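**Q** Structure file start_34.pdb, PDB, C-alpha atoms, is pasted below:
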```pdb
MODEL        1
ATOM      1  CA  MET P  29      -0.133   5.279   2.931
ATOM      2  CA  HIS P  30       2.396   5.892   0.384
ATOM      3  CA  MET P  31       5.138   4.436   0.365
ATOM      4  CA  THR P  32       7.161   7.153  -1.174
ATOM      5  CA  ASN P  33      10.184   5.010  -2.021
ATOM      6  CA  ASP P  34      12.202   8.098  -1.095
ATOM      7  CA  PRO P  35      14.552   6.833   1.594
ATOM      8  CA  ALA P  36      16.112  10.238   2.130
ATOM      9  CA  ALA P  37      12.764  11.569   3.263
ATOM     10  CA  ASN P  38      12.238   8.916   5.901
ATOM     11  CA  GLY P  39      13.016   9.440   9.543
ATOM     12  CA  ASP P  40      11.706   7.866  12.717
ATOM     13  CA  ALA P  41       8.222   6.608  11.957
ATOM     14  CA  THR P  42       7.159   5.635  15.432
ATOM     15  CA  ASP P  43       4.076   7.228  16.895
ATOM     16  CA  THR P  44       5.388   9.744  19.421
ATOM     17  CA  THR P  45       2.131  11.213  20.592
ATOM     18  CA  ALA P  46       3.003  10.562  24.230
ATOM     19  CA  ASN P  47       5.677   9.084  26.482
ATOM     20  CA  PRO P  48       4.137   6.161  28.409
ATOM     21  CA  ALA P  49       5.722   2.744  28.230
ATOM     22  CA  PRO P  50       5.339   0.943  24.900
ATOM     23  CA  GLY P  51       2.019  -0.821  24.585
ATOM     24  CA  THR P  52       0.159   1.611  26.834
ATOM     25  CA  ALA P  53      -3.278   2.239  25.389
ATOM     26  CA  THR P  54      -4.516   5.665  24.403
ATOM     27  CA  THR P  55      -8.014   6.908  25.174
ATOM     28  CA  HIS P  56      -9.067   5.267  21.896
ATOM     29  CA  GLY P  57      -7.608   1.918  22.864
ATOM     30  CA  HIS P  58      -4.738   2.049  20.374
ATOM     31  CA  PRO P  59      -1.198   1.289  21.596
ATOM     32  CA  LEU P  60       1.290   4.109  21.570
ATOM     33  CA  HIS P  61       4.696   3.924  19.858
ATOM     34  CA  ARG P  62       3.407   1.674  17.124
ATOM     35  CA  VAL P  63       5.868   0.728  14.427
ATOM     36  CA  LEU P  64       4.526   2.479  11.342
ATOM     37  CA  SER P  65       5.467   1.961   7.727
ATOM     38  CA  PHE P  66       5.389   5.684   6.928
ATOM     39  CA  VAL P  67       6.507   9.016   8.303
ATOM     40  CA  ARG P  68       3.757  11.530   8.955
ATOM     41  CA  ARG P  69       5.022  14.671   7.270
ATOM     42  CA  SER P  70       3.014  17.788   6.648
ATOM     43  CA  GLY P  71       2.495  17.928   2.906
ATOM     44  CA  ARG P  72       1.630  21.393   1.783
ATOM     45  CA  LEU P  73      -0.501  21.497  -1.329
ATOM     46  CA  ASP P  74       0.263  23.813  -4.196
ATOM     47  CA  ALA P  75      -2.586  25.806  -5.696
ATOM     48  CA  ARG P  76      -3.407  23.161  -8.312
ATOM     49  CA  LEU P  77      -3.628  20.329  -5.792
ATOM     50  CA  GLN P  78      -5.572  22.457  -3.322
ATOM     51  CA  ARG P  79      -8.141  23.158  -6.040
ATOM     52  CA  ALA P  80      -8.342  19.432  -6.767
ATOM     53  CA  TRP P  81      -8.943  18.724  -3.089
ATOM     54  CA  ASP P  82     -11.602  21.409  -2.862
ATOM     55  CA  ASN P  83     -13.333  20.273  -6.046
ATOM     56  CA  TYR P  84     -13.223  16.494  -5.690
ATOM     57  CA  ALA P  85     -12.794  15.448  -2.058
ATOM     58  CA  ASP P  86     -16.524  15.393  -1.371
ATOM     59  CA  GLY P  87     -17.074  12.946  -4.203
ATOM     60  CA  TYR P  88     -14.114  10.630  -3.704
ATOM     61  CA  LEU P  89     -12.598  10.906  -0.218
ATOM     62  CA  LEU P  90     -14.227   8.564   2.293
ATOM     63  CA  ASP P  91     -15.214   9.910   5.700
ATOM     64  CA  VAL P  92     -13.891   7.026   7.794
ATOM     65  CA  ASN P  93     -11.263   8.661  10.004
ATOM     66  CA  ASP P  94     -11.260   8.846  13.777
ATOM     67  CA  GLY P  95     -11.280  12.619  13.940
ATOM     68  CA  GLU P  96      -9.624  15.373  11.967
ATOM     69  CA  GLY P  97      -5.951  14.730  11.358
ATOM     70  CA  SER P  98      -6.155  11.112  12.475
ATOM     71  CA  LEU P  99      -5.030   8.293  10.196
ATOM     72  CA  ASP P 100      -6.876   5.713  12.299
ATOM     73  CA  VAL P 101     -10.281   4.410  11.326
ATOM     74  CA  ARG P 102     -13.112   5.567  13.555
ATOM     75  CA  PRO P 103     -14.382   3.013  16.090
ATOM     76  CA  GLY P 104     -17.319   0.984  14.876
ATOM     77  CA  PHE P 105     -16.684   1.497  11.176
ATOM     78  CA  SER P 106     -16.940  -1.595   9.000
ATOM     79  CA  LEU P 107     -16.125  -1.859   5.334
ATOM     80  CA  ASP P 108     -18.642  -4.556   4.532
ATOM     81  CA  ALA P 109     -20.948  -5.444   1.649
ATOM     82  CA  ARG P 110     -23.570  -2.954   2.767
ATOM     83  CA  TYR P 111     -21.036  -0.108   2.913
ATOM     84  CA  VAL P 112     -19.720  -0.969  -0.553
ATOM     85  CA  ARG P 113     -23.255  -0.983  -1.932
ATOM     86  CA  GLU P 114     -24.043   2.370  -0.346
ATOM     87  CA  THR P 115     -20.737   3.950  -1.417
ATOM     88  CA  TRP P 116     -20.163   2.562  -4.895
ATOM     89  CA  GLY P 117     -23.804   1.826  -5.702
ATOM     90  CA  ASN P 118     -23.229  -1.771  -6.767
ATOM     91  CA  ASP P 119     -21.903  -5.173  -5.755
ATOM     92  CA  ASN P 120     -18.954  -5.244  -8.143
ATOM     93  CA  PRO P 121     -15.625  -6.798  -7.065
ATOM     94  CA  LEU P 122     -13.423  -4.555  -4.935
ATOM     95  CA  ILE P 123      -9.683  -4.001  -5.429
ATOM     96  CA  ILE P 124      -7.772  -2.219  -2.676
ATOM     97  CA  GLU P 125      -4.400  -0.581  -3.302
ATOM     98  CA  ILE P 126      -2.103  -0.019  -0.312
ATOM     99  CA  GLY P 127       0.021   3.050  -0.935
ATOM    100  CA  THR P 128      -1.402   4.743  -3.994
ATOM    101  CA  GLY P 129       1.276   7.411  -4.308
ATOM    102  CA  GLN P 130       0.309   9.844  -7.057
ATOM    103  CA  GLY P 131      -2.612   7.650  -8.080
ATOM    104  CA  GLU P 132      -1.389   6.943 -11.598
ATOM    105  CA  ASN P 133      -1.847   3.207 -11.403
ATOM    106  CA  ILE P 134      -5.159   2.860  -9.630
ATOM    107  CA  VAL P 135      -6.832   5.650 -11.597
ATOM    108  CA  ALA P 136      -5.722   4.079 -14.889
ATOM    109  CA  ALA P 137      -7.043   0.728 -13.689
ATOM    110  CA  ALA P 138     -10.361   2.259 -12.674
ATOM    111  CA  ALA P 139     -10.711   3.897 -16.084
ATOM    112  CA  ALA P 140      -9.938   0.617 -17.852
ATOM    113  CA  ARG P 141     -12.214  -1.530 -15.670
ATOM    114  CA  PRO P 142     -15.519   0.243 -14.981
ATOM    115  CA  ASP P 143     -17.037  -3.051 -13.781
ATOM    116  CA  VAL P 144     -14.670  -3.150 -10.781
ATOM    117  CA  ASN P 145     -14.666  -0.975  -7.654
ATOM    118  CA  PHE P 146     -11.335   0.478  -6.525
ATOM    119  CA  LEU P 147     -10.240   1.801  -3.133
ATOM    120  CA  ALA P 148      -7.001   3.803  -2.908
ATOM    121  CA  LEU P 149      -5.275   3.953   0.495
ATOM    122  CA  GLU P 150      -2.805   6.812   0.890
ATOM    123  CA  VAL P 151      -1.628   8.876   3.864
ATOM    124  CA  TYR P 152       0.168  11.838   2.279
ATOM    125  CA  ASP P 153      -1.829  14.932   1.367
ATOM    126  CA  PRO P 154      -0.167  15.555  -2.040
ATOM    127  CA  GLY P 155      -0.672  11.935  -3.088
ATOM    128  CA  VAL P 156      -4.309  11.992  -2.042
ATOM    129  CA  ALA P 157      -4.872  15.294  -3.848
ATOM    130  CA  HIS P 158      -3.200  14.084  -7.038
ATOM    131  CA  THR P 159      -5.308  10.922  -7.020
ATOM    132  CA  LEU P 160      -8.429  13.051  -6.583
ATOM    133  CA  LEU P 161      -7.302  15.227  -9.493
ATOM    134  CA  LEU P 162      -6.703  12.315 -11.872
ATOM    135  CA  ALA P 163     -10.006  10.637 -10.992
ATOM    136  CA  GLY P 164     -11.992  13.864 -11.009
ATOM    137  CA  LYS P 165     -10.739  15.015 -14.399
ATOM    138  CA  GLN P 166     -12.048  11.775 -15.911
ATOM    139  CA  GLY P 167     -15.260  11.769 -13.919
ATOM    140  CA  LEU P 168     -14.668   8.214 -12.724
ATOM    141  CA  ARG P 169     -17.407   6.759 -10.579
ATOM    142  CA  ASN P 170     -15.833   3.461  -9.496
ATOM    143  CA  ILE P 171     -12.963   4.734  -7.342
ATOM    144  CA  ARG P 172     -12.760   6.072  -3.801
ATOM    145  CA  VAL P 173      -9.856   7.243  -1.645
ATOM    146  CA  ALA P 174      -9.242   6.735   2.070
ATOM    147  CA  GLN P 175      -6.535   8.695   3.876
ATOM    148  CA  VAL P 176      -5.875   6.131   6.586
ATOM    149  CA  ASN P 177      -3.212   3.803   7.913
ATOM    150  CA  ALA P 178      -3.686   0.681   5.778
ATOM    151  CA  PRO P 179      -3.433  -1.908   8.589
ATOM    152  CA  GLU P 180      -6.148  -0.036  10.483
ATOM    153  CA  LEU P 181      -8.419  -0.074   7.429
ATOM    154  CA  PHE P 182      -7.922  -3.798   6.911
ATOM    155  CA  LYS P 183      -8.843  -4.479  10.529
ATOM    156  CA  ALA P 184     -12.133  -2.702   9.811
ATOM    157  CA  CYS P 185     -12.881  -4.775   6.688
ATOM    158  CA  ALA P 186     -15.351  -7.644   6.741
ATOM    159  CA  ASP P 187     -14.114 -11.090   5.740
ATOM    160  CA  GLY P 188     -13.867 -11.784   2.015
ATOM    161  CA  MET P 189     -14.513  -8.201   0.903
ATOM    162  CA  ALA P 190     -11.699  -7.782  -1.628
ATOM    163  CA  ALA P 191     -11.045  -9.562  -4.904
ATOM    164  CA  GLU P 192      -7.445  -8.325  -4.956
ATOM    165  CA  VAL P 193      -5.035  -6.237  -2.886
ATOM    166  CA  TRP P 194      -2.187  -4.319  -4.544
ATOM    167  CA  THR P 195       1.034  -3.039  -2.996
ATOM    168  CA  PHE P 196       3.286  -1.597  -5.680
ATOM    169  CA  PHE P 197       6.715  -0.142  -4.885
ATOM    170  CA  PRO P 198       6.351   0.252  -1.127
ATOM    171  CA  ASP P 199       8.827   2.341   0.821
ATOM    172  CA  PRO P 200      11.940   0.106   1.016
ATOM    173  CA  TRP P 201      13.155   1.359   4.394
ATOM    174  CA  PRO P 202      16.739   0.611   3.317
ATOM    175  CA  LYS P 203      18.446   0.899   6.719
ATOM    176  CA  LYS P 204      18.602  -2.550   8.309
ATOM    177  CA  LYS P 205      17.384  -1.221  11.657
ATOM    178  CA  HIS P 206      14.245   0.019   9.857
ATOM    179  CA  HIS P 207      13.376  -3.205   8.024
ATOM    180  CA  LYS P 208      10.718  -3.850  10.667
ATOM    181  CA  ARG P 209       8.853  -0.842   9.272
ATOM    182  CA  ARG P 210       8.363  -2.432   5.867
ATOM    183  CA  ILE P 211       4.657  -2.749   5.103
ATOM    184  CA  VAL P 212       4.813  -6.423   4.080
ATOM    185  CA  GLN P 213       4.743  -8.206   7.442
ATOM    186  CA  PRO P 214       3.101 -11.392   8.749
ATOM    187  CA  ALA P 215       0.473  -9.484  10.731
ATOM    188  CA  LEU P 216      -0.725  -7.513   7.712
ATOM    189  CA  ALA P 217      -0.552 -10.648   5.560
ATOM    190  CA  GLY P 218      -2.966 -12.284   7.969
ATOM    191  CA  GLU P 219      -5.421  -9.395   7.688
ATOM    192  CA  VAL P 220      -5.081  -9.263   3.900
ATOM    193  CA  ARG P 221      -5.793 -12.989   3.663
ATOM    194  CA  ARG P 222      -8.894 -12.626   5.823
ATOM    195  CA  VAL P 223     -10.189  -9.726   3.736
ATOM    196  CA  LEU P 224      -9.573 -11.438   0.401
ATOM    197  CA  ALA P 225     -12.337 -13.498  -1.129
ATOM    198  CA  ASP P 226     -11.588 -17.168  -1.754
ATOM    199  CA  GLY P 227      -8.965 -17.396  -4.480
ATOM    200  CA  GLY P 228      -8.163 -13.679  -4.227
ATOM    201  CA  VAL P 229      -4.631 -12.416  -4.731
ATOM    202  CA  TRP P 230      -2.175 -10.001  -3.156
ATOM    203  CA  ARG P 231      -0.045  -8.438  -5.895
ATOM    204  CA  ILE P 232       3.231  -6.887  -4.794
ATOM    205  CA  ALA P 233       5.982  -5.203  -6.795
ATOM    206  CA  THR P 234       9.314  -3.681  -5.839
ATOM    207  CA  ASP P 235      12.443  -2.499  -7.619
ATOM    208  CA  ILE P 236      14.629  -3.068  -4.554
ATOM    209  CA  GLU P 237      16.386  -6.440  -4.481
ATOM    210  CA  ASP P 238      16.639  -6.530  -0.698
ATOM    211  CA  TYR P 239      12.910  -5.860  -0.397
ATOM    212  CA  ALA P 240      12.247  -8.725  -2.808
ATOM    213  CA  LEU P 241      14.123 -11.043  -0.436
ATOM    214  CA  HIS P 242      12.093  -9.614   2.449
ATOM    215  CA  VAL P 243       8.813 -10.405   0.648
ATOM    216  CA  HIS P 244       9.899 -13.994   0.070
ATOM    217  CA  GLU P 245      10.931 -14.396   3.695
ATOM    218  CA  VAL P 246       7.578 -13.110   4.929
ATOM    219  CA  MET P 247       5.215 -14.676   2.412
ATOM    220  CA  ASP P 248       6.626 -17.921   1.029
ATOM    221  CA  GLY P 249       6.350 -19.825   4.288
ATOM    222  CA  LEU P 250       3.006 -18.505   5.481
ATOM    223  CA  ASP P 251       0.138 -20.969   5.766
ATOM    224  CA  GLY P 252      -2.856 -20.137   3.609
ATOM    225  CA  TRP P 253      -0.904 -18.538   0.784
ATOM    226  CA  ARG P 254       0.291 -19.922  -2.539
ATOM    227  CA  ASN P 255       3.012 -18.264  -4.591
ATOM    228  CA  ASP P 256       1.446 -18.197  -8.051
ATOM    229  CA  GLY P 257       4.563 -17.043  -9.840
ATOM    230  CA  GLY P 258       5.998 -18.799 -12.839
ATOM    231  CA  ALA P 259       9.427 -17.181 -13.128
ATOM    232  CA  THR P 260      12.658 -18.145 -11.367
ATOM    233  CA  VAL P 261      14.929 -15.383 -10.094
ATOM    234  CA  SER P 262      18.221 -15.502  -8.227
ATOM    235  CA  LEU P 263      18.534 -13.390  -5.083
ATOM    236  CA  PRO P 264      21.186 -13.026  -2.382
ATOM    237  CA  THR P 265      20.234 -14.916   0.752
ATOM    238  CA  GLY P 266      21.451 -12.204   3.135
ATOM    239  CA  HIS P 267      20.203  -8.697   3.776
ATOM    240  CA  VAL P 268      22.054  -5.472   3.137
ATOM    241  CA  GLY P 269      21.391  -1.995   4.411
ATOM    242  CA  LYS P 270      21.542   1.512   3.075
ATOM    243  CA  GLY P 271      24.932   2.301   1.608
ATOM    244  CA  ASN P 272      26.214  -1.259   1.278
ATOM    245  CA  ALA P 273      23.846  -2.767  -1.294
ATOM    246  CA  ASP P 274      26.849  -3.575  -3.465
ATOM    247  CA  LEU P 275      27.834  -6.288  -0.971
ATOM    248  CA  ALA P 276      24.865  -8.374  -2.094
ATOM    249  CA  ALA P 277      26.606  -9.408  -5.307
ATOM    250  CA  ASP P 278      29.202 -11.416  -3.364
ATOM    251  CA  MET P 279      26.697 -13.120  -1.075
ATOM    252  CA  PRO P 280      25.425 -16.672  -1.601
ATOM    253  CA  HIS P 281      22.403 -16.690  -3.915
ATOM    254  CA  ALA P 282      19.357 -18.929  -4.186
ATOM    255  CA  ASP P 283      16.492 -19.321  -6.643
ATOM    256  CA  PHE P 284      13.064 -17.910  -5.814
ATOM    257  CA  THR P 285       9.720 -17.958  -7.607
ATOM    258  CA  GLU P 286       8.237 -14.669  -8.790
ATOM    259  CA  SER P 287       5.737 -13.509 -11.395
ATOM    260  CA  GLY P 288       6.036 -11.841 -14.750
ATOM    261  CA  ARG P 289       5.061  -8.214 -14.935
ATOM    262  CA  PHE P 290       1.425  -7.664 -13.976
ATOM    263  CA  ASP P 291      -0.388  -6.455 -17.090
ATOM    264  CA  GLY P 292      -2.801  -4.413 -14.979
ATOM    265  CA  ARG P 293      -0.044  -2.151 -13.671
ATOM    266  CA  VAL P 294       0.626   0.841 -15.879
ATOM    267  CA  LEU P 295       4.188   2.046 -16.340
ATOM    268  CA  THR P 296       4.265   4.979 -13.939
ATOM    269  CA  ASN P 297       6.864   7.732 -13.831
ATOM    270  CA  PHE P 298       8.267   6.186 -10.676
ATOM    271  CA  GLU P 299       8.758   2.792 -12.303
ATOM    272  CA  LYS P 300      10.344   4.427 -15.355
ATOM    273  CA  LYS P 301      12.928   6.088 -13.108
ATOM    274  CA  GLY P 302      13.754   2.758 -11.482
ATOM    275  CA  LEU P 303      14.229   1.080 -14.845
ATOM    276  CA  ALA P 304      16.359   3.976 -16.081
ATOM    277  CA  ALA P 305      18.561   3.542 -13.003
ATOM    278  CA  GLY P 306      19.101  -0.104 -13.946
ATOM    279  CA  ARG P 307      16.965  -1.631 -11.220
ATOM    280  CA  VAL P 308      15.123  -4.913 -11.796
ATOM    281  CA  ILE P 309      11.382  -5.017 -11.138
ATOM    282  CA  HIS P 310      10.240  -7.906  -8.947
ATOM    283  CA  ASP P 311       6.579  -8.908  -9.238
ATOM    284  CA  PHE P 312       4.792 -11.247  -6.831
ATOM    285  CA  THR P 313       1.390 -12.908  -6.960
ATOM    286  CA  TYR P 314       0.306 -14.552  -3.710
ATOM    287  CA  ARG P 315      -3.040 -16.317  -3.875
ATOM    288  CA  LYS P 316      -5.277 -17.071  -0.915
ATOM    289  CA  ALA P 317      -5.121 -20.844  -0.753
TER     290      ALA P 317
ENDMDL
END
```
For the file at hand, write its structure as structure tokens.
**A**
Amino acid sequence: MHMTNDPAANGDATDTTANPAPGTATTHGHPLHRVLSFVRRSGRLDARLQRAWDNYADGYLLDVNDGEGSLDVRPGFSLDARYVRETWGNDNPLIIEIGTGQGENIVAAAAARPDVNFLALEVYDPGVAHTLLLAGKQGLRNIRVAQVNAPELFKACADGMAAEVWTFFPDPWPKKKHHKRRIVQPALAGEVRRVLADGGVWRIATDIEDYALHVHEVMDGLDGWRNDGGATVSLPTGHVGKGNADLAADMPHADFTESGRFDGRVLTNFEKKGLAAGRVIHDFTYRKA
């Protein structure tokens, strides 16, 4: 699902497959005009990434989609203990990353933790291909990739299947009218909580101050979650949009609880660019209470 963090690339992300009234069901029972957290763009693969796809997709890319080109999960699919055993060949803990991007983080984690199973969720072809390339070059056996809409995948997960869920540097959707498209929302939080095992955590990171406020607004008041952070940060209490972020400095501020940097997240090229631009990284650890 990535989560490109490239606002300039984002346009209208609604599903425009047809023109009935909002909420009308398709032949598959899914509502049309859903608010999506990504834009479906055709991502042409260069020769290197096409070779990676050809060489590694059979070993890493899960066949869970509802038809070719669909980002929905096929009806009847369930990511349960039996499926994990059949796919990964063991009963090790499962970590799911929403929006894998280029795959740098989850592949590094899989290489460092062979006793843990990893599932990378990504919608864009180049990101999927690059993740396949990184995993395939190392011959990793504990990682799989699903090219699906993350909320659909979570709906298909059995209760308590995941030890952790990661969402690092999601698309900020900087325009205020698009904030509803941000991936961290109460509905997804409910599904994530259901899918997490008891005591499991949802780790989130962003380098966008306004998104950090959004995470606090969504998560801090939700029943069944505990903010496990130990650091106090000051954030503006009002939202800004694209082009007027500088107004935040003059807004009233309040203290919020966040986490120190998650040691299990490698310093990716994307994060390096954010730091070089002077942005502050906000880390969150929300535990299933």
**Q** Leaving out Ile124 (chain P) and any residue of its chain fewer than 2 positions from it, which residues lie within 8 Å of it when counting all atoms listed in the file, given as a list in words?
**A** Leu122, Ile126, Phe146, Leu147, Ala148, Leu149, Ala190, Glu192, Val193 and Trp194 of chain P
**Q** Quick one: residues within 10 Å of Trp253 (chain P), only C-alpha atoms, excluding same-chain residues fewer than 5 positions away - as JSON, numbers by chain?
**A** {"P": [217, 218, 221, 227, 229, 230, 247, 248, 313, 314, 315, 316, 317]}
**Q** Run the PyMOL selection byres ((chain P and resi 130) around 6) on the file and write out the hits as number ranges by chain.
**A** P: 129, 131-132, 155, 158-159
**Q** Can I get the selection written as a PDB file, in the coordinates of the input, with C-alpha atoms?
**A**
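For reference, selection-v2.pdb as written:
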```pdb
ATOM      1  CA  GLY P 129       1.276   7.411  -4.308  1.00  0.00           C
ATOM      2  CA  GLY P 131      -2.612   7.650  -8.080  1.00  0.00           C
ATOM      3  CA  GLU P 132      -1.389   6.943 -11.598  1.00  0.00           C
ATOM      4  CA  GLY P 155      -0.672  11.935  -3.088  1.00  0.00           C
ATOM      5  CA  HIS P 158      -3.200  14.084  -7.038  1.00  0.00           C
ATOM      6  CA  THR P 159      -5.308  10.922  -7.020  1.00  0.00           C
TER       7      THR P 159
END
```
**Q** Quick one: apply the PyMOL selection byres ((chain P and resi 263-272) around 9) to the file and drop the selected residues here as a PyMOL selection string.
**A** chain P and resi 35+201-205+207+237-242+261-262+273-284
**Q** Residues near Arg72 (chain P), anyone? I mean within 9 Å using all atoms listed in the file, not counting same-chain ones fewer than 6 positions away, as a short mmCIF file (atom, residue, chain, number, x, y, z; two decimals) with C-alpha atoms, in the frame of the given file.
**A**
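Result file follows (out.cif):
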```
data_model
loop_
_atom_site.label_atom_id
_atom_site.label_comp_id
_atom_site.auth_asym_id
_atom_site.auth_seq_id
_atom_site.Cartn_x
_atom_site.Cartn_y
_atom_site.Cartn_z
CA GLN P 78 -5.57 22.46 -3.32
CA ASP P 153 -1.83 14.93 1.37
CA PRO P 154 -0.17 15.56 -2.04
#
```
**Q** Could you state the separation of CA of Asp235 (chain P) and CA of His310 (chain P) in Å, given to one decimal place?
**A** 6.0 Å
**Q** When the PyMOL selection byres ((chain P and resi 287) around 6) is applied to the file above, which residues end up in the set, as a list in words?
**A**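 Applying the expression gives Gly257, Gly258, Ala259, Glu286, Gly288, Asp311 and Phe312 of chain P.
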**Q** So the first atom is CA of Tyr88 (chain P) and the second is CA of Val212 (chain P); what is the distance between them in Å, to one decimal place?
**A** 26.6 Å
**Q** Ile123 (chain P): which residues within 12 Å, counting only C-alpha atoms, same-chain residues fewer than 6 positions away excluded, as a ChimeraX atom specification?
**A** /P:112,134-135,137-138,141-149,170-173,188-195,220,223-225,228-231,292
**Q** From the options P:Ala85, P:Ala136, P:Val101, P:Leu161, which residue's atoms come nearest to Lys183 (chain P), counting only C-alpha atoms?
**A** P:Val101
**Q** In Å to one decimal, how far is CA of Phe290 (chain P) from CA of Phe182 (chain P)?
**A**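 Answer for the CA of Phe182 (chain P) to CA of Phe290 (chain P) separation: 23.2 Å.
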**Q** Under the rule that only C-alpha atoms are counted, which of P:Asp108, P:Glu180, P:Glu125, P:Asp74 is the nearest residue to Asn93 (chain P)?
**A**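 Of all the options, P:Glu180 lies closest to Asn93 (chain P).
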**Q** Please, which residues are within 7 Å of (-2.2, 7.3, 12.0) by the file's coordinates, counting all atoms listed in the file, and could they come as number ranges by chain?
**A** P: 98-100, 176-177
**Q** Mind working out the centre and edge lengths of an axis-aligned box for region 252-264 of chain P, all listed atoms inside, 4 Å added to each side, rounded to one decimal in Å and written as lines of an AutoDock Vina configuration file?
**A**
```
center_x = 9.2
center_y = -16.6
center_z = -4.8
size_x = 32.0
size_y = 15.1
size_z = 24.7
```
**Q** For region 145-158 of chain P, where the input has fewer atoms than it should, I would like N, CA and C atoms rebuilt and written as a compact mmCIF listing (two decimals), keeping the file's coordinate frame.
**A**
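Output (rebuild.txt):
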```txt
# COMPACT_ATOMS: atom_id res chain seq x y z
N ASN P 145 -14.80 -2.07 -8.61
CA ASN P 145 -14.67 -0.98 -7.65
C ASN P 145 -13.23 -0.91 -7.15
N PHE P 146 -12.71 0.30 -6.97
CA PHE P 146 -11.34 0.48 -6.52
C PHE P 146 -11.31 1.37 -5.29
N LEU P 147 -10.45 1.00 -4.34
CA LEU P 147 -10.24 1.80 -3.13
C LEU P 147 -8.75 2.08 -3.00
N ALA P 148 -8.39 3.36 -3.01
CA ALA P 148 -7.00 3.80 -2.91
C ALA P 148 -6.71 4.21 -1.47
N LEU P 149 -5.69 3.60 -0.86
CA LEU P 149 -5.28 3.95 0.50
C LEU P 149 -3.97 4.73 0.43
N GLU P 150 -3.98 5.94 0.94
CA GLU P 150 -2.80 6.81 0.89
C GLU P 150 -2.83 7.75 2.09
N VAL P 151 -1.66 8.02 2.68
CA VAL P 151 -1.63 8.88 3.86
C VAL P 151 -1.19 10.30 3.57
N TYR P 152 -0.42 10.52 2.50
CA TYR P 152 0.17 11.84 2.28
C TYR P 152 -0.77 12.75 1.50
N ASP P 153 -0.91 13.98 1.98
CA ASP P 153 -1.83 14.93 1.37
C ASP P 153 -1.59 15.11 -0.14
N PRO P 154 -0.35 15.35 -0.60
CA PRO P 154 -0.17 15.56 -2.04
C PRO P 154 -0.58 14.34 -2.86
N GLY P 155 -0.27 13.14 -2.36
CA GLY P 155 -0.67 11.94 -3.09
C GLY P 155 -2.17 11.79 -3.16
N VAL P 156 -2.84 12.04 -2.05
CA VAL P 156 -4.31 11.99 -2.04
C VAL P 156 -4.87 13.00 -3.03
N ALA P 157 -4.36 14.23 -2.97
CA ALA P 157 -4.87 15.29 -3.85
C ALA P 157 -4.64 14.96 -5.32
N HIS P 158 -3.49 14.41 -5.64
CA HIS P 158 -3.20 14.08 -7.04
C HIS P 158 -4.09 12.96 -7.53
```
